[in-house]
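Following: one structure in structure tokens, then a few remarks.
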Amino acid sequence: MQSVSAVTDERKTTMEETSGYLAEFEKLRAFRGGEPVWLGAMRTRAIERFAEVGFPTTDLEAWKYTSLAPLSSLSFARARESGGQGPLAESAGFPGMIAHRLVFLDGRFRSDLSDIRDLPLGCVAGSLASALSKDPSEVERHLARLAEIEANGLIALNTALFEDGAFIRIPAKTVVELPIVLVFVSSTSSGPAVCHPRVLVVAGQESEVTVVESYAGSGEVPYFTNAVTEIFVGENAVVRHLKLQHEAGRSFHLATIEARQERASTFVSHSISAGGAIARNDLKSVLAGEGASCTLNGLYLTVDEQHVDNHTIVDHATPHGTSLEIYKGVLDGKSTAVFNGQVLVRKDAQKTDARQTNKNLLLSEGSTVNTKPQLEILADDVKCTHGATIGQLDEDSIFYLRSRGIGVEAARDLLTYAFASEVVDRIELTPVRLEIDRLLLSRLPIDGRRREGSF
């Protein structure tokens, strides 16, 4: 397989590369006779858009440092559900946490592995396919309103081919005490496979909910996850969204998260990326209502030849909005990372307070990161700051710890852990925080010996 860090000699997307997806669309069309007319029309527009633009290439500025040539050169078939992933689904779903839990194997809802406890009156948390069957009008009002088909080929492909996903609706003035955990597990028992999970979250006025997305997989056969999440945050509502991506080592994980915030709403995002050969997270929140607040926390951990790309947009469209963004990366081996964070303050968004920080720790000579924090300010009464750093472990700090009797490797690991913990400690859900702690510690030495290709 071509090195995931290579960005040269990338081929243009051709009809040959998209033909498999177009053929799959035609196959599925025959089984979708019961779908609403509006959804069929939307899917047709989406596949036409994908046929037109294909996969993003490095000719696009937003994809300059992330080549999808390794992905587009492989043939992925529609994922066929495997019955042997139950244990992985359980471990990926934070088993120590009391929660409403929805499990999806190869993109399809599994009620036998899920645990939907007593939700507050009027709340919905279940299969998107089921919601489309039972109450399509509720879905129609929101689906593809944020993640627009015209935006890029990946969103278009997901819209055309998604089979299932999660639909969460929280009525006005309702607080969901337990988190809603969505577990997406991919299998490769039938060869290279692709699935397109879709998540739709609608939080009504003055509601409150925590949603966790967990993506996992196993095996040495490549697979492709193309996920899209849309989140509507109503007036005075609070939505906390956590995403943990720990896919298998040869997988491709491309994800889009789009949020829209109404007046005085709060949106908190935690994004953790640790798996996959190539991973890309596109996250955007539009502060459409006055006084909205947005917090974006991110951590990416890469080893060997992994590549992870985080593109974020915070769009301050109205006055008195606040946003705080902290993304950190820890890179080892020959891995590469990209951070592109844009804060847009529109002309009428006076009294905006926006802060953005990106920090990267390189643990090897072969690791590379490209970081580009951006401020685009069209208003004149704002407080906005941004900054980015790329560096290695501080030798003075290592010397200080060694002077206290700590070995050099242990000192390096302690400082690495402390660097990443600033983001991890912001996660309020203890079981999720502990799982990410475990993931971080798993890349530290065992019995004083450093794992090959890890921290």
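So you can find residues: chains in the structure tokens are A, B, ... in the order shown, residues in each start at 1, and ligands are numbered from 1 in order.
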Pick out each residue of stretch 169-414 of chain A that DSSP on the backbone tags as strand (DSSP E); I need them as a compact mmCIF listing (two decimals) with C-alpha atoms, in the first residue's frame.
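Written output follows (out.txt):
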```txt
# COMPACT_ATOMS: atom_id res chain seq x y z
CA ARG A 169 -34.39 14.12 19.24
CA ILE A 170 -34.66 15.89 22.59
CA ILE A 180 -26.29 8.57 24.71
CA VAL A 181 -23.44 6.41 23.39
CA LEU A 182 -23.28 5.50 19.69
CA VAL A 183 -20.93 2.60 18.96
CA PHE A 184 -19.87 2.04 15.34
CA VAL A 185 -17.88 -1.14 14.71
CA SER A 186 -16.50 -2.20 11.33
CA ALA A 193 -15.57 -2.86 2.96
CA VAL A 194 -17.12 0.58 3.27
CA CYS A 195 -19.95 1.95 5.38
CA ARG A 198 -25.24 9.04 9.45
CA VAL A 199 -26.05 10.74 12.76
CA LEU A 200 -28.75 13.37 13.26
CA VAL A 201 -29.12 15.15 16.63
CA VAL A 202 -31.91 17.65 17.26
CA ALA A 203 -31.89 19.33 20.69
CA GLU A 208 -29.57 19.26 27.49
CA VAL A 209 -27.90 16.10 26.20
CA THR A 210 -24.50 14.39 25.95
CA VAL A 211 -23.79 12.31 22.85
CA VAL A 212 -20.73 10.07 22.49
CA GLU A 213 -19.62 8.60 19.15
CA SER A 214 -17.13 5.71 19.30
CA TYR A 215 -15.61 4.21 16.14
CA ALA A 216 -13.64 0.97 16.26
CA GLY A 217 -12.62 -1.95 14.08
CA TYR A 223 -11.86 -0.74 5.41
CA PHE A 224 -13.38 2.68 4.89
CA THR A 225 -15.68 4.63 7.22
CA ASN A 226 -17.32 7.74 5.75
CA ALA A 227 -19.35 9.34 8.57
CA VAL A 228 -21.54 12.45 8.68
CA THR A 229 -23.05 13.99 11.83
CA GLU A 230 -25.49 16.92 11.95
CA ILE A 231 -26.27 18.62 15.27
CA PHE A 232 -28.99 21.21 15.84
CA VAL A 233 -28.63 23.07 19.14
CA VAL A 238 -26.70 22.49 25.84
CA VAL A 239 -25.19 19.75 23.68
CA ARG A 240 -21.97 17.98 24.63
CA HIS A 241 -20.52 15.87 21.85
CA LEU A 242 -17.59 13.48 22.26
CA LYS A 243 -16.02 11.51 19.45
CA LEU A 244 -13.40 8.79 19.94
CA GLN A 245 -11.87 7.38 16.76
CA HIS A 246 -9.76 4.29 17.39
CA PHE A 252 -9.58 4.99 6.44
CA HIS A 253 -11.77 7.24 8.56
CA LEU A 254 -13.25 10.38 7.00
CA ALA A 255 -15.80 12.29 9.03
CA THR A 256 -17.85 15.47 8.86
CA ILE A 257 -19.53 17.08 11.87
CA GLU A 258 -21.74 20.12 11.31
CA ALA A 259 -23.45 22.01 14.15
CA ARG A 260 -25.80 24.99 14.21
CA GLN A 261 -26.35 26.93 17.42
CA THR A 266 -23.85 25.91 24.29
CA PHE A 267 -22.00 23.37 22.17
CA VAL A 268 -19.00 21.47 23.55
CA SER A 269 -17.01 19.13 21.32
CA HIS A 270 -14.26 16.68 22.27
CA SER A 271 -12.52 14.97 19.34
CA ILE A 272 -9.95 12.23 19.96
CA SER A 273 -8.17 10.57 17.02
CA ILE A 278 -5.62 8.04 7.17
CA ALA A 279 -8.07 9.99 9.33
CA ARG A 280 -9.76 13.27 8.53
CA ASN A 281 -12.16 15.23 10.76
CA ASP A 282 -14.05 18.21 9.35
CA LEU A 283 -15.82 20.02 12.19
CA LYS A 284 -17.86 23.20 11.81
CA SER A 285 -20.09 25.08 14.22
CA VAL A 286 -22.17 28.09 13.18
CA LEU A 287 -23.08 30.40 16.06
CA SER A 293 -20.98 29.60 23.20
CA CYS A 294 -18.78 27.02 21.51
CA THR A 295 -15.91 24.94 22.90
CA LEU A 296 -13.78 22.66 20.73
CA ASN A 297 -11.22 20.34 22.34
CA GLY A 298 -9.12 17.96 20.27
CA LEU A 299 -6.30 15.45 20.70
CA TYR A 300 -4.60 13.40 18.00
CA LEU A 301 -2.05 10.65 18.64
CA THR A 302 -0.09 9.25 15.70
CA HIS A 307 -1.81 10.52 8.97
CA VAL A 308 -4.49 12.57 10.74
CA ASP A 309 -6.05 15.81 9.52
CA ASN A 310 -8.28 18.11 11.59
CA HIS A 311 -10.07 20.96 9.82
CA THR A 312 -12.26 23.12 12.07
CA ILE A 313 -14.43 26.18 11.40
CA VAL A 314 -16.06 28.34 14.06
CA ASP A 315 -18.47 30.75 12.35
CA HIS A 316 -19.48 33.68 14.54
CA THR A 322 -17.76 33.15 22.59
CA SER A 323 -15.56 30.31 21.40
CA LEU A 324 -12.58 28.47 22.86
CA GLU A 325 -10.60 25.95 20.84
CA ILE A 326 -7.68 23.85 22.06
CA TYR A 327 -6.23 21.13 19.82
CA LYS A 328 -3.09 19.16 20.65
CA GLY A 329 -1.13 16.57 18.73
CA VAL A 330 1.48 14.00 19.77
CA LEU A 331 3.38 12.50 16.83
CA THR A 336 2.10 13.19 9.81
CA ALA A 337 -0.66 15.50 10.97
CA VAL A 338 -2.55 18.55 9.75
CA PHE A 339 -4.41 21.17 11.74
CA ASN A 340 -6.33 23.90 9.97
CA GLY A 341 -8.50 25.96 12.27
CA GLN A 342 -10.54 28.89 10.98
CA VAL A 343 -12.39 31.39 13.14
CA LEU A 344 -14.73 33.59 11.11
CA VAL A 345 -16.23 36.70 12.70
CA ASP A 353 -14.65 36.66 22.11
CA ALA A 354 -12.76 33.92 20.27
CA ARG A 355 -9.59 32.06 21.29
CA GLN A 356 -7.82 29.31 19.39
CA THR A 357 -4.69 27.28 20.24
CA ASN A 358 -2.92 24.44 18.50
CA LYS A 359 0.12 22.75 20.07
CA ASN A 360 2.11 19.85 18.66
CA LEU A 361 4.71 17.60 20.26
CA LEU A 362 7.07 15.76 17.91
CA THR A 368 5.79 16.11 10.59
CA VAL A 369 2.88 18.46 11.22
CA ASN A 370 1.39 21.26 9.14
CA THR A 371 -0.59 23.75 11.21
CA LYS A 372 -2.54 26.77 10.01
CA PRO A 373 -4.62 28.71 12.53
CA GLN A 374 -6.71 31.42 10.85
CA LEU A 375 -8.68 34.45 11.94
CA GLU A 376 -10.99 36.21 9.51
CA ILE A 377 -12.47 39.21 11.29
CA LYS A 383 -11.42 40.02 21.20
CA CYS A 384 -9.74 37.31 19.15
CA THR A 385 -6.47 35.45 19.61
CA HIS A 386 -4.86 32.45 17.98
CA GLY A 387 -1.55 30.64 18.11
CA ALA A 388 0.26 27.48 17.13
CA THR A 389 3.42 25.75 18.35
CA ILE A 390 5.48 22.81 17.13
CA GLY A 391 8.26 21.46 19.31
```
As a CSV table (one decimal) with C-alpha atoms, in the first residue's frame, list the residues of stretch 211-418 of chain A assigned to helix (DSSP H, G or I) by DSSP on the backbone atoms of this structure.
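Saved result, result16.csv, follows:
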```
chain,number,residue,atom,x,y,z
A,395,GLU,CA,15.4,19.2,27.7
A,396,ASP,CA,15.4,21.3,30.9
A,397,SER,CA,12.3,19.6,32.1
A,398,ILE,CA,13.8,16.2,31.4
A,399,PHE,CA,17.0,17.2,33.2
A,400,TYR,CA,14.9,18.4,36.2
A,401,LEU,CA,13.1,15.1,36.4
A,402,ARG,CA,16.2,13.1,36.1
A,403,SER,CA,17.8,15.0,38.9
A,408,VAL,CA,15.2,9.4,31.0
A,409,GLU,CA,12.6,7.3,29.3
A,410,ALA,CA,10.2,7.6,32.2
A,411,ALA,CA,10.8,11.4,32.2
A,412,ARG,CA,10.0,11.6,28.5
A,413,ASP,CA,6.8,9.6,29.1
A,414,LEU,CA,5.7,11.7,32.0
A,415,LEU,CA,6.1,14.9,30.1
A,416,THR,CA,4.3,13.4,27.1
A,417,TYR,CA,1.4,12.3,29.3
A,418,ALA,CA,1.2,15.7,30.9
```
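Counting only C-alpha atoms and comparing A:Ser130, A:Asn236, A:Ser114, A:Thr159, the residue that lies closest to A:Arg49 is A:Thr159.
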task: Identify which of the residues A:Asp437, A:Asp59, A:Glu206, A:Glu163 lies closest to A:Val175, counting only C-alpha atoms when measuring atom-to-atom distances.
output: A:Glu206
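Excluding A:Ala317 and any residue on its chain fewer than 5 positions from it, the residues at most 10 Å away by only C-alpha atoms are A:Val286, A:Leu287, A:Ala288, A:Gly289, A:Glu290, A:Ala292, A:Leu344, A:Val345, A:Arg346, A:Lys347, A:Asp348, A:Ala349, A:Gln350, A:Thr352.
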Dump of C-alpha atoms for the selected residues, as an mmCIF file, in the first residue's frame:
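What follows is the written file selection.cif:
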```cif
data_model
loop_
_atom_site.group_PDB
_atom_site.id
_atom_site.type_symbol
_atom_site.label_atom_id
_atom_site.label_comp_id
_atom_site.auth_asym_id
_atom_site.auth_seq_id
_atom_site.Cartn_x
_atom_site.Cartn_y
_atom_site.Cartn_z
ATOM 1 C CA VAL A 286 -22.169 28.093 13.185
ATOM 2 C CA LEU A 287 -23.079 30.403 16.063
ATOM 3 C CA ALA A 288 -26.295 31.525 14.396
ATOM 4 C CA GLY A 289 -27.929 32.971 17.504
ATOM 5 C CA GLU A 290 -26.781 35.852 19.675
ATOM 6 C CA ALA A 292 -24.031 31.360 21.725
ATOM 7 C CA LEU A 344 -14.730 33.590 11.111
ATOM 8 C CA VAL A 345 -16.235 36.700 12.701
ATOM 9 C CA ARG A 346 -18.880 38.168 10.439
ATOM 10 C CA LYS A 347 -19.596 41.858 10.008
ATOM 11 C CA ASP A 348 -22.486 42.030 12.476
ATOM 12 C CA ALA A 349 -20.903 39.731 15.093
ATOM 13 C CA GLN A 350 -19.756 42.507 17.430
ATOM 14 C CA THR A 352 -17.234 38.319 19.866
#
```
task: Might you pull out every residue within 7 Å of A:Gly153, with only C-alpha atoms counted and same-chain residues fewer than 3 positions away left off, and present them as a ChimeraX atom specification?
output: /A:49-50,53-56,156-157
Please produce a file of those selected residues containing C-alpha atoms, as a CSV table (one decimal), in the first residue's frame.
```csv
chain,number,residue,atom,x,y,z
A,49,ARG,CA,-22.8,15.3,-7.3
A,50,PHE,CA,-20.3,12.6,-6.3
A,53,VAL,CA,-16.5,15.8,-8.2
A,54,GLY,CA,-15.4,12.4,-6.9
A,55,PHE,CA,-13.0,12.3,-3.9
A,56,PRO,CA,-11.2,15.4,-2.9
A,156,ALA,CA,-22.5,13.6,-1.2
A,157,LEU,CA,-21.4,10.0,-1.1
```
field: Among listed residues A:Gly122, A:Gly20, A:Gly405, A:Pro197, nearest A:Val103 (using only C-alpha atoms)
entry: A:Pro197
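Separating atom CA of A:Gly275 from atom CA of A:Arg438 is a distance of 14.1 Å.
Taking atom CA of A:Ile116 and atom CA of A:Glu247 as endpoints, the distance between them is 24.6 Å.
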- request: Can you pull out every residue within 9 Å of stretch 135-139 of chain A, counting only C-alpha atoms, but drop anything in the same chain fewer than 2 positions away, and send it as a count of residues only?
  value: 12
- prompt: Within 12 Å of A:Gly96, counting only C-alpha atoms, which residues qualify if same-chain residues fewer than 3 places away don't, as a ChimeraX atom specification?
  reply: /A:90-93,99,101,429-435
Write the residues you've just listed into a file as a PDB file, in the first residue's frame, and include C-alpha atoms for each of them.
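Dumped to again-v8.pdb:
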```pdb
ATOM      1  CA  GLU A  90     -18.989  -3.994  24.014  1.00  0.00           C
ATOM      2  CA  SER A  91     -15.449  -2.804  24.747  1.00  0.00           C
ATOM      3  CA  ALA A  92     -15.787   0.177  22.388  1.00  0.00           C
ATOM      4  CA  GLY A  93     -18.997   1.259  24.112  1.00  0.00           C
ATOM      5  CA  ALA A  99     -25.721   5.088  29.500  1.00  0.00           C
ATOM      6  CA  ARG A 101     -26.255   2.706  24.230  1.00  0.00           C
ATOM      7  CA  LEU A 429     -17.499  11.807  31.627  1.00  0.00           C
ATOM      8  CA  THR A 430     -15.211   9.746  33.834  1.00  0.00           C
ATOM      9  CA  PRO A 431     -15.437   6.414  31.928  1.00  0.00           C
ATOM     10  CA  VAL A 432     -14.642   8.154  28.642  1.00  0.00           C
ATOM     11  CA  ARG A 433     -11.771  10.066  30.208  1.00  0.00           C
ATOM     12  CA  LEU A 434     -10.366   6.860  31.714  1.00  0.00           C
ATOM     13  CA  GLU A 435     -10.616   5.050  28.373  1.00  0.00           C
TER      14      GLU A 435
END
```
- prompt: Which polymer residues have any atom within 12 Å of an atom of A:Ser75, counting only C-alpha atoms, with same-chain residues fewer than 2 positions away left out, as a ChimeraX atom specification?
  reply: /A:16-21,24,69-73,77-79,191-194,221-224
Could you write those residues out with N, CA and C atoms, as a compact mmCIF listing (two decimals), in the first residue's frame?
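The file below, result-v6.txt, is the result:
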```txt
# COMPACT_ATOMS: atom_id res chain seq x y z
N GLU A 16 -13.27 5.55 -13.25
CA GLU A 16 -12.96 4.21 -12.78
C GLU A 16 -12.97 4.14 -11.26
N GLU A 17 -12.49 5.19 -10.62
CA GLU A 17 -12.43 5.22 -9.16
C GLU A 17 -13.80 5.39 -8.52
N THR A 18 -14.73 6.02 -9.20
CA THR A 18 -16.06 6.24 -8.64
C THR A 18 -17.09 5.24 -9.13
N SER A 19 -16.76 4.45 -10.14
CA SER A 19 -17.75 3.58 -10.77
C SER A 19 -18.32 2.56 -9.80
N GLY A 20 -17.49 2.03 -8.90
CA GLY A 20 -17.99 1.06 -7.94
C GLY A 20 -19.08 1.62 -7.05
N TYR A 21 -18.93 2.86 -6.62
CA TYR A 21 -19.94 3.50 -5.78
C TYR A 21 -21.20 3.81 -6.57
N GLU A 24 -23.03 0.58 -6.92
CA GLU A 24 -23.66 0.22 -5.65
C GLU A 24 -24.94 1.01 -5.44
N ALA A 69 -5.22 9.23 -2.36
CA ALA A 69 -4.84 8.28 -3.39
C ALA A 69 -4.79 6.84 -2.88
N PRO A 70 -4.27 6.57 -1.66
CA PRO A 70 -4.28 5.18 -1.16
C PRO A 70 -5.70 4.62 -1.04
N LEU A 71 -6.67 5.49 -0.72
CA LEU A 71 -8.05 5.05 -0.58
C LEU A 71 -8.69 4.84 -1.95
N SER A 72 -8.55 5.82 -2.84
CA SER A 72 -9.23 5.74 -4.13
C SER A 72 -8.64 4.68 -5.04
N SER A 73 -7.45 4.18 -4.69
CA SER A 73 -6.84 3.12 -5.50
C SER A 73 -7.34 1.74 -5.11
N ALA A 77 -16.19 -2.82 -1.17
CA ALA A 77 -17.56 -3.29 -1.36
C ALA A 77 -18.42 -2.85 -0.19
N ARG A 78 -19.72 -2.83 -0.40
CA ARG A 78 -20.66 -2.53 0.67
C ARG A 78 -20.47 -3.51 1.81
N ALA A 79 -20.32 -2.99 3.02
CA ALA A 79 -20.06 -3.84 4.18
C ALA A 79 -21.21 -4.81 4.43
N GLY A 191 -13.61 -8.97 3.14
CA GLY A 191 -12.70 -8.18 2.32
C GLY A 191 -12.88 -6.70 2.55
N PRO A 192 -12.14 -5.86 1.81
CA PRO A 192 -12.24 -4.40 1.99
C PRO A 192 -13.68 -3.92 1.88
N ALA A 193 -14.16 -3.24 2.90
CA ALA A 193 -15.57 -2.86 2.96
C ALA A 193 -15.70 -1.39 3.33
N VAL A 194 -16.85 -0.81 2.99
CA VAL A 194 -17.12 0.58 3.27
C VAL A 194 -18.50 0.71 3.90
N VAL A 221 -7.27 -6.21 7.15
CA VAL A 221 -7.81 -5.85 5.84
C VAL A 221 -8.29 -4.41 5.89
N PRO A 222 -7.94 -3.58 4.91
CA PRO A 222 -8.37 -2.18 4.93
C PRO A 222 -9.90 -2.07 4.87
N TYR A 223 -10.44 -1.08 5.55
CA TYR A 223 -11.86 -0.74 5.41
C TYR A 223 -12.00 0.78 5.47
N PHE A 224 -13.17 1.25 5.11
CA PHE A 224 -13.38 2.68 4.89
C PHE A 224 -14.66 3.09 5.61
```
- request: Take atom CA of A:Leu119 and atom CA of A:Met97 and report the distance between them in Å, one decimal.
  value: 16.1 Å
